[in-house]
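Listing of start_37.txt, compact mmCIF, C-alpha atoms and all ligand atoms
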# COMPACT_ATOMS: atom_id res chain seq x y z
CA MET C 153 0.00 0.00 0.00
CA LYS C 154 1.18 3.49 -0.89
CA ILE C 155 0.02 6.71 0.73
CA GLN C 156 -0.44 9.84 -1.38
CA THR C 157 -1.66 13.30 -0.47
CA LEU C 158 -4.42 15.23 -2.18
CA LYS C 159 -2.75 17.87 -4.35
CA GLU C 160 -5.63 19.38 -6.27
CA ARG C 161 -8.71 20.77 -4.63
CA LYS C 162 -10.92 18.72 -6.90
CA LEU C 163 -11.07 15.03 -6.17
CA SER C 164 -11.36 12.75 -9.21
CA LEU C 165 -13.63 9.71 -9.16
CA LYS C 166 -11.31 7.84 -11.51
CA THR C 167 -7.92 6.19 -11.12
CA ASP C 168 -5.49 4.59 -13.58
CA GLY C 169 -6.73 1.22 -12.39
CA GLU C 170 -5.33 1.13 -8.88
CA LEU C 171 -7.68 0.56 -5.97
CA VAL C 172 -7.82 3.76 -3.93
CA LEU C 173 -9.42 4.36 -0.54
CA PHE C 174 -10.09 7.98 0.30
CA PHE C 175 -11.68 8.95 3.60
CA VAL C 176 -13.96 11.93 3.12
CA GLY C 177 -13.68 12.07 6.90
CA THR C 178 -12.22 9.96 9.69
CA GLY C 179 -13.99 11.57 12.64
CA SER C 180 -16.51 10.30 15.13
CA ALA C 181 -20.28 10.79 14.96
CA PHE C 182 -20.11 14.17 16.68
CA THR C 183 -16.78 15.47 15.40
CA LYS C 184 -16.45 19.22 15.05
CA ARG C 185 -12.87 19.26 13.80
CA GLN C 186 -13.07 16.69 11.03
CA TYR C 187 -15.73 15.10 8.86
CA GLN C 188 -17.48 11.89 9.78
CA THR C 189 -16.04 8.53 8.81
CA ASN C 190 -17.39 8.14 5.26
CA LEU C 191 -15.18 6.28 2.78
CA LEU C 192 -14.84 6.64 -0.98
CA ILE C 193 -13.59 3.59 -2.85
CA ILE C 194 -12.32 4.37 -6.34
CA LYS C 195 -10.85 1.99 -8.93
CA GLY C 196 -10.54 2.70 -12.66
CA ASN C 197 -13.86 4.21 -13.72
CA ASP C 198 -15.77 2.76 -10.75
CA HIS C 199 -16.49 4.23 -7.34
CA ILE C 200 -18.63 3.59 -4.26
CA LEU C 201 -19.29 5.85 -1.29
CA ILE C 202 -19.52 3.88 1.93
CA ASP C 203 -21.89 5.88 4.15
CA CYS C 204 -23.14 9.43 3.72
CA GLY C 205 -23.49 11.16 7.09
CA THR C 206 -24.94 14.51 8.05
CA LYS C 207 -21.69 16.21 7.04
CA GLY C 208 -21.13 14.04 3.95
CA PRO C 209 -22.60 16.30 1.24
CA GLN C 210 -20.71 19.34 2.61
CA ALA C 211 -17.47 17.36 2.87
CA LEU C 212 -17.80 16.19 -0.74
CA SER C 213 -18.74 19.65 -1.98
CA GLU C 214 -15.52 21.04 -0.49
CA LEU C 215 -13.63 18.43 -2.53
CA GLY C 216 -15.32 19.72 -5.69
CA LEU C 217 -17.84 16.88 -5.83
CA PRO C 218 -21.55 17.55 -5.59
CA VAL C 219 -23.09 14.62 -3.73
CA THR C 220 -25.08 13.88 -6.90
CA SER C 221 -21.82 12.96 -8.65
CA ILE C 222 -21.70 9.81 -6.50
CA LYS C 223 -23.19 6.95 -8.49
CA ASN C 224 -23.01 4.07 -6.01
CA PHE C 225 -23.73 3.98 -2.30
CA LEU C 226 -23.41 1.34 0.39
CA ILE C 227 -24.66 2.12 3.88
CA THR C 228 -23.26 0.29 6.89
CA HIS C 229 -25.95 1.19 9.45
CA SER C 230 -28.52 3.79 10.40
CA HIS C 231 -26.71 6.23 12.73
CA ALA C 232 -26.91 9.80 11.40
CA ASP C 233 -23.14 10.07 10.81
CA HIS C 234 -23.69 7.30 8.22
CA ILE C 235 -27.10 8.14 6.73
CA GLY C 236 -27.75 11.80 7.62
CA GLY C 237 -26.84 13.02 4.11
CA LEU C 238 -28.96 10.47 2.29
CA GLU C 239 -32.20 12.43 2.22
CA GLU C 240 -30.31 15.14 0.35
CA VAL C 241 -29.03 12.48 -2.07
CA ALA C 242 -32.53 11.11 -2.61
CA LEU C 243 -34.26 14.47 -3.10
CA MET C 244 -31.51 16.05 -5.20
CA SER C 245 -31.39 12.99 -7.45
CA ARG C 246 -35.14 12.84 -7.95
CA TYR C 247 -35.90 16.52 -8.36
CA ILE C 248 -32.70 18.16 -9.61
CA THR C 249 -30.52 15.77 -11.60
CA LYS C 250 -33.31 13.24 -12.27
CA GLU C 251 -30.78 10.40 -12.20
CA LYS C 252 -31.15 7.65 -9.65
CA PRO C 253 -27.99 6.55 -7.86
CA VAL C 254 -27.37 2.87 -7.17
CA MET C 255 -27.85 1.63 -3.62
CA ILE C 256 -26.16 -1.65 -2.69
CA ILE C 257 -28.50 -3.05 -0.08
CA ASN C 258 -30.07 -6.29 1.02
CA GLU C 259 -33.78 -6.66 1.73
CA THR C 260 -33.40 -6.64 5.51
CA TYR C 261 -31.50 -3.40 5.65
CA GLN C 262 -33.57 -1.75 2.90
CA TYR C 263 -36.61 -2.08 5.15
CA ILE C 264 -34.72 -0.61 8.11
CA LEU C 265 -33.21 2.28 6.16
CA TRP C 266 -36.42 3.23 4.40
CA ASP C 267 -39.10 2.50 6.94
CA MET C 268 -37.30 3.64 10.07
CA SER C 269 -35.37 6.62 8.63
CA LEU C 270 -35.80 7.95 5.08
CA ARG C 271 -39.51 7.44 4.54
CA GLY C 272 -40.60 10.40 6.66
CA GLY C 273 -38.74 12.94 4.55
CA CYS C 274 -38.98 11.27 1.16
CA ALA C 275 -42.23 9.35 0.75
CA TYR C 276 -44.77 12.17 0.88
CA ASN C 277 -43.45 14.80 -1.51
CA GLU C 278 -45.74 13.77 -4.33
CA GLU C 279 -48.42 11.26 -5.09
CA GLU C 280 -47.38 8.50 -7.44
CA ALA C 281 -50.46 6.89 -8.98
CA MET C 282 -52.41 7.79 -5.85
CA ASP C 283 -49.74 6.19 -3.74
CA ILE C 284 -46.74 7.48 -1.80
CA LEU C 285 -43.19 7.11 -3.10
CA THR C 286 -41.05 4.12 -2.22
CA PHE C 287 -37.34 3.39 -1.83
CA SER C 288 -36.98 2.34 -5.47
CA ASP C 289 -38.37 5.70 -6.66
CA PHE C 290 -35.15 7.22 -5.32
CA PHE C 291 -32.53 4.50 -5.74
CA ASP C 292 -31.69 1.75 -8.22
CA ILE C 293 -31.30 -1.26 -5.99
CA LEU C 294 -28.29 -3.55 -6.38
CA ARG C 295 -28.74 -6.69 -4.32
CA PRO C 296 -25.65 -8.34 -2.89
CA GLN C 297 -25.64 -12.13 -2.91
CA TRP C 298 -25.61 -14.07 0.34
CA MET C 299 -22.51 -16.24 0.66
CA PRO C 300 -23.61 -19.30 2.63
CA ASP C 301 -20.08 -20.68 3.15
CA TYR C 302 -19.18 -18.05 5.73
CA PRO C 303 -20.34 -18.72 9.29
CA ARG C 304 -20.78 -14.99 9.89
CA GLU C 305 -23.47 -13.47 7.64
CA THR C 306 -21.61 -12.29 4.54
CA PHE C 307 -22.83 -10.92 1.19
CA GLN C 308 -20.94 -10.26 -2.02
CA VAL C 309 -21.44 -7.69 -4.76
CA LYS C 310 -19.47 -6.38 -7.72
CA VAL C 311 -19.56 -2.75 -8.81
CA GLY C 312 -17.69 -2.76 -12.10
CA SER C 313 -14.21 -3.97 -11.22
CA ILE C 314 -14.66 -3.51 -7.46
CA ASP C 315 -15.51 -6.60 -5.39
CA LEU C 316 -17.17 -6.01 -2.04
CA LYS C 317 -17.87 -8.53 0.66
CA ILE C 318 -20.25 -7.23 3.26
CA MET C 319 -20.11 -8.77 6.72
CA ARG C 320 -22.35 -8.25 9.73
CA THR C 321 -20.85 -6.51 12.74
CA LYS C 322 -21.52 -6.05 16.45
CA HIS C 323 -22.24 -2.35 17.00
CA ILE C 324 -25.50 -1.69 18.88
CA PRO C 325 -26.80 -2.11 21.52
CA ASP C 326 -23.82 -1.99 23.92
CA SER C 327 -25.14 -5.10 25.67
CA SER C 328 -25.34 -7.42 22.63
CA SER C 329 -23.05 -10.40 22.98
CA ASP C 330 -22.54 -11.14 19.27
CA TRP C 331 -23.42 -9.96 15.76
CA GLN C 332 -26.52 -12.16 15.68
CA SER C 333 -28.10 -10.30 18.58
CA SER C 334 -27.00 -6.84 17.36
CA PHE C 335 -29.16 -4.45 15.35
CA TRP C 336 -28.26 -4.50 11.66
CA SER C 337 -24.79 -3.10 10.87
CA CYS C 338 -22.00 -4.18 8.54
CA GLY C 339 -18.41 -3.65 7.47
CA VAL C 340 -16.86 -4.30 4.06
CA ILE C 341 -13.96 -6.21 2.54
CA ILE C 342 -12.67 -4.56 -0.62
CA ASP C 343 -11.20 -6.71 -3.42
CA ASP C 344 -10.25 -9.32 -0.78
CA ARG C 345 -7.33 -6.99 0.10
CA VAL C 346 -8.59 -4.46 2.62
CA MET C 347 -11.05 -4.59 5.49
CA PHE C 348 -13.07 -1.61 6.69
CA THR C 349 -15.06 -2.44 9.81
CA SER C 350 -17.14 0.76 9.88
CA ASP C 351 -18.69 1.10 13.36
CA THR C 352 -18.19 -1.90 15.60
CA ARG C 353 -17.50 -2.74 19.18
CA TYR C 354 -14.36 -4.72 19.93
CA ASP C 355 -14.99 -8.02 18.17
CA TYR C 356 -11.93 -10.24 18.11
CA ASP C 357 -13.61 -12.87 15.94
CA LEU C 358 -14.62 -10.39 13.24
CA VAL C 359 -11.05 -9.39 12.49
CA THR C 360 -9.28 -12.70 13.07
CA TYR C 361 -11.80 -14.80 11.14
CA TYR C 362 -11.58 -12.80 7.89
CA GLU C 363 -7.88 -12.02 8.35
CA LYS C 364 -7.17 -15.76 8.35
CA ILE C 365 -8.96 -16.14 5.00
CA PHE C 366 -7.71 -13.01 3.22
CA ASN C 367 -4.46 -11.92 4.92
CA PHE C 368 -5.34 -8.24 4.44
CA GLU C 369 -2.89 -5.57 3.32
CA ALA C 370 -4.60 -3.10 5.65
CA ILE C 371 -7.50 -3.05 8.11
CA PHE C 372 -9.33 0.21 8.82
CA HIS C 373 -10.94 -0.25 12.22
CA ASP C 374 -13.37 1.71 14.37
CA CYS C 375 -11.64 3.24 17.40
CA GLN C 376 -12.56 5.46 20.32
CA PHE C 377 -10.10 6.61 22.96
CA PHE C 378 -12.09 5.32 25.94
CA THR C 379 -13.64 1.95 26.82
CA GLY C 380 -17.39 1.32 26.95
CA GLY C 381 -20.37 2.14 24.78
CA VAL C 382 -20.83 0.99 21.19
CA HIS C 383 -17.36 1.46 19.68
CA ALA C 384 -14.02 -0.35 19.97
CA GLY C 385 -11.84 1.21 22.66
CA ILE C 386 -8.13 1.69 22.00
CA GLU C 387 -7.31 -0.34 25.14
CA GLU C 388 -9.44 -3.21 23.79
CA LEU C 389 -7.88 -3.02 20.32
CA LYS C 390 -4.47 -3.27 22.02
CA GLN C 391 -5.32 -6.93 22.70
CA PHE C 392 -4.99 -7.90 19.02
CA PRO C 393 -1.78 -9.79 18.19
CA PRO C 394 1.12 -7.59 16.96
CA ASP C 395 0.92 -8.87 13.37
CA ILE C 396 -2.69 -7.69 13.17
CA LYS C 397 -2.05 -4.40 14.99
CA LYS C 398 0.62 -3.40 12.52
CA LYS C 399 -2.04 -3.43 9.75
CA LEU C 400 -4.67 -1.57 11.79
CA TYR C 401 -5.47 2.01 10.82
CA LEU C 402 -7.85 3.51 13.38
CA SER C 403 -10.86 5.50 12.16
CA HIS C 404 -13.99 7.13 13.62
CA TYR C 405 -11.96 8.70 16.42
CA GLY C 406 -12.66 11.71 18.60
CA ASP C 407 -11.52 15.30 18.24
CA ASN C 408 -8.79 14.85 20.86
CA TRP C 409 -6.72 12.58 18.61
CA GLU C 410 -3.47 14.52 19.06
CA ASP C 411 -3.41 13.37 22.71
CA PHE C 412 -3.35 9.74 21.54
CA GLU C 413 -0.86 9.80 18.66
CA GLY C 414 1.81 8.51 21.08
CA LYS C 415 -0.34 5.66 22.30
CA VAL C 416 -1.20 4.63 18.72
CA LYS C 417 2.55 4.23 18.06
CA GLU C 418 3.36 2.69 21.43
CA TYR C 419 0.66 0.00 21.07
CA GLY C 420 1.95 -0.98 17.63
CA PHE C 421 -0.91 0.18 15.42
CA ALA C 422 -0.12 1.23 11.85
CA ASP C 423 -1.52 4.73 12.33
CA LEU C 424 -4.68 6.72 12.71
CA ALA C 425 -6.58 6.73 9.42
CA ARG C 426 -6.22 10.23 7.99
CA GLN C 427 -8.88 12.12 6.13
CA HIS C 428 -8.11 13.38 2.61
CA ILE C 429 -5.22 10.95 2.06
CA PHE C 430 -5.13 8.39 -0.76
CA TYR C 431 -4.50 4.84 0.38
CA VAL C 432 -3.42 3.20 -2.86
CA PHE C 433 -3.43 -0.59 -3.42
ZN ZN B 501 -20.53 6.24 13.30
ZN ZN B 502 -22.76 3.90 14.55

Show me the file's structure as structure tokens.
Ligand SMILES: [Zn+2]
Ligand SMILES: [Zn+2]
Amino acid sequence: MKIQTLKERKLSLKTDGELVLFFVGTGSAFTKRQYQTNLLIIKGNDHILIDCGTKGPQALSELGLPVTSIKNFLITHSHADHIGGLEEVALMSRYITKEKPVMIINETYQYILWDMSLRGGCAYNEEEAMDILTFSDFFDILRPQWMPDYPRETFQVKVGSIDLKIMRTKHIPDSSSDWQSSFWSCGVIIDDRVMFTSDTRYDYDLVTYYEKIFNFEAIFHDCQFFTGGVHAGIEELKQFPPDIKKKLYLSHYGDNWEDFEGKVKEYGFADLARQHIFYVF
């Protein structure tokens, strides 16, 4: 993996064929100094935005990209730092650009995303054949395929040349003992080379199980600087073996990250994930 800095103000959604990960933000849900942890995956002519939080459209706009330039979305769960910008995507696409973006989503999470979150702001703007609008009036749905060979629920989808495996995670509530008893949330594996956990509590099995299969080049992992609640604490992540820690880039961290740069090094992590940096594979 190579790391490159953003030189031009305008971010391109194309690469020469390399797989590029670009964090629009690496901050926590309530960050005021960064943008929220939303991840752009770009490879050749293909791209996917993983999550579009409340600050997502603004963050993209400052990179020269209107949110309507994003053609493919995958949402990892329903907290506002991951879906808060989606109503803007839906309404702008339907009423301004009149081009539906693609949403990679399974049936279970489509129900949750639409019926528990987006429906209130989107469904009632017009009457469609005497009926209210539905999810597919706003998004072209791309269904990932369930992969029955994995013991943890895993789905696969291809967006052009980009392969995504989508695996269930253990995020909320704070009392759930495993992914099965957690509310719906997921992380992604990109081209079998990189893992991005999105939001998760400390879940040793999640990382070690897929790491054994894929031997990742890098793992971008949820991290908070205290223990407890619904995210992985840095003291918990310290328990991973050294060969895993040296691939771990910590994302979704709080605004006091400078106080923990030393600890990140001392514990043997690769680094904090940095916003507006190209991770090139
Ligand atoms: Zn979050
Ligand atoms: Zn969350």

Each residue of chain C lying at most 8 Å from ligand ZN 502 (chain B) should get a row with its shortest atom-to-atom pair and the distance in Å to one decimal, counting all atoms listed in the file; could you produce that, ordered by chain and increasing number, as CSV?
residue,atom,partner,partner_atom,distance
C:Ala181,CA,B:ZN502,ZN,7.3
C:His229,CA,B:ZN502,ZN,6.6
C:Ser230,CA,B:ZN502,ZN,7.1
C:His231,CA,B:ZN502,ZN,4.9
C:Ala232,CA,B:ZN502,ZN,7.9
C:Asp233,CA,B:ZN502,ZN,7.2
C:His234,CA,B:ZN502,ZN,7.2
C:His323,CA,B:ZN502,ZN,6.7
C:Ile324,CA,B:ZN502,ZN,7.6
C:Ser350,CA,B:ZN502,ZN,8.0
C:Asp351,CA,B:ZN502,ZN,5.1
C:Thr352,CA,B:ZN502,ZN,7.5
C:Val382,CA,B:ZN502,ZN,7.5
C:His383,CA,B:ZN502,ZN,7.8

Select the residues contacting ligand ZN 501 (chain B) at a distance of at most 12 Å, based on all atoms listed in the file, then format the selection as a PyMOL selection string.
-> chain C and resi 177-183+187-191+202-207+227-236+323-324+337-339+349-353+373-376+382-384+403-406

Which of these, C:Ser334, C:Thr220, C:Asn367, C:Asn258, has the shortest distance to Lys322 in chain C once you count all atoms listed in the file?
->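 Once distances to Lys322 in chain C are computed over all atoms listed in the file, the minimum belongs to C:Ser334.
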
Which residue gives the smallest distance to Thr321 in chain C among C:Glu240, C:Asp267, C:Asp355, C:Glu388, with all atoms listed in the file counted?
->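 Ranked by minimum distance to Thr321 in chain C, first place goes to C:Asp355.
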
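Distance-wise, CA of Val254 in chain C and CA of Asn224 in chain C end up 4.7 Å apart.
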
Please tabulate, as CSV, the residues of range 199-228 of chain C that come within 12 Å of range 287-307 of chain C, each with its closest pair of atoms and the distance in Å to one decimal, counting only C-alpha atoms and ordering rows by chain, then residue number upward.
residue,atom,partner,partner_atom,distance
C:Lys223,CA,C:Asp292,CA,10.0
C:Asn224,CA,C:Asp292,CA,9.3
C:Phe225,CA,C:Phe291,CA,9.5
C:Leu226,CA,C:Leu294,CA,9.7

Would you mind listing what lies within 8 Å of Asp343 in chain C as a VMD selection string, with all atoms listed in the file counted and same-chain residues fewer than 5 positions away left out?
-> chain C and resid 314 to 316

Put the listed atoms of range 335-341 of chain C in a box along x, y and z with 3 Å added on every side and give me the centre and edge lengths in Å to one decimal, as lines of an AutoDock Vina configuration file.
center_x = -21.6
center_y = -4.7
center_z = 8.9
size_x = 21.2
size_y = 9.1
size_z = 18.8

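Closest approach to Tyr354 in chain C among C:Ala370, C:Val432, C:Ile341, C:Lys390 is made by C:Lys390 (distances from only C-alpha atoms).
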
Pick the closest to Val176 in chain C from C:Val311, C:Ile257, C:Ile155, C:Ala211: which is it, counting all atoms listed in the file?
->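 Nearest candidate to Val176 in chain C out of C:Val311, C:Ile257, C:Ile155, C:Ala211: C:Ala211.
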
May I ask for the distance between CA of Gly385 in chain C and CA of Phe412 in chain C, given in Å to one decimal place?
-> 12.1 Å

Could you tell me, as a list in words, which residues have any atom at most 9 Å from (-10.1, 0.0, -6.8), counting all atoms listed in the file?
-> Thr167, Gly169, Glu170, Leu171, Val172, Leu173, Ile193, Ile194, Lys195, Gly196, Asn197, Asp198, His199, Ser313, Ile314, Asp315, Ile342, Asp343, Val432 and Phe433 of chain C

Which of these residues is nearest to Val346 in chain C, using only C-alpha atoms: C:Leu358, C:Ile248, C:Leu400, C:Ala242?
-> C:Leu400

Taking all atoms listed in the file into account, which of C:Tyr401, C:Glu251, C:Gly237, C:Val309 comes nearest Leu212 in chain C?
-> C:Gly237

Just how far from CA of Thr360 in chain C is CA of Asp395 in chain C, in Å to one decimal?
-> 10.9 Å
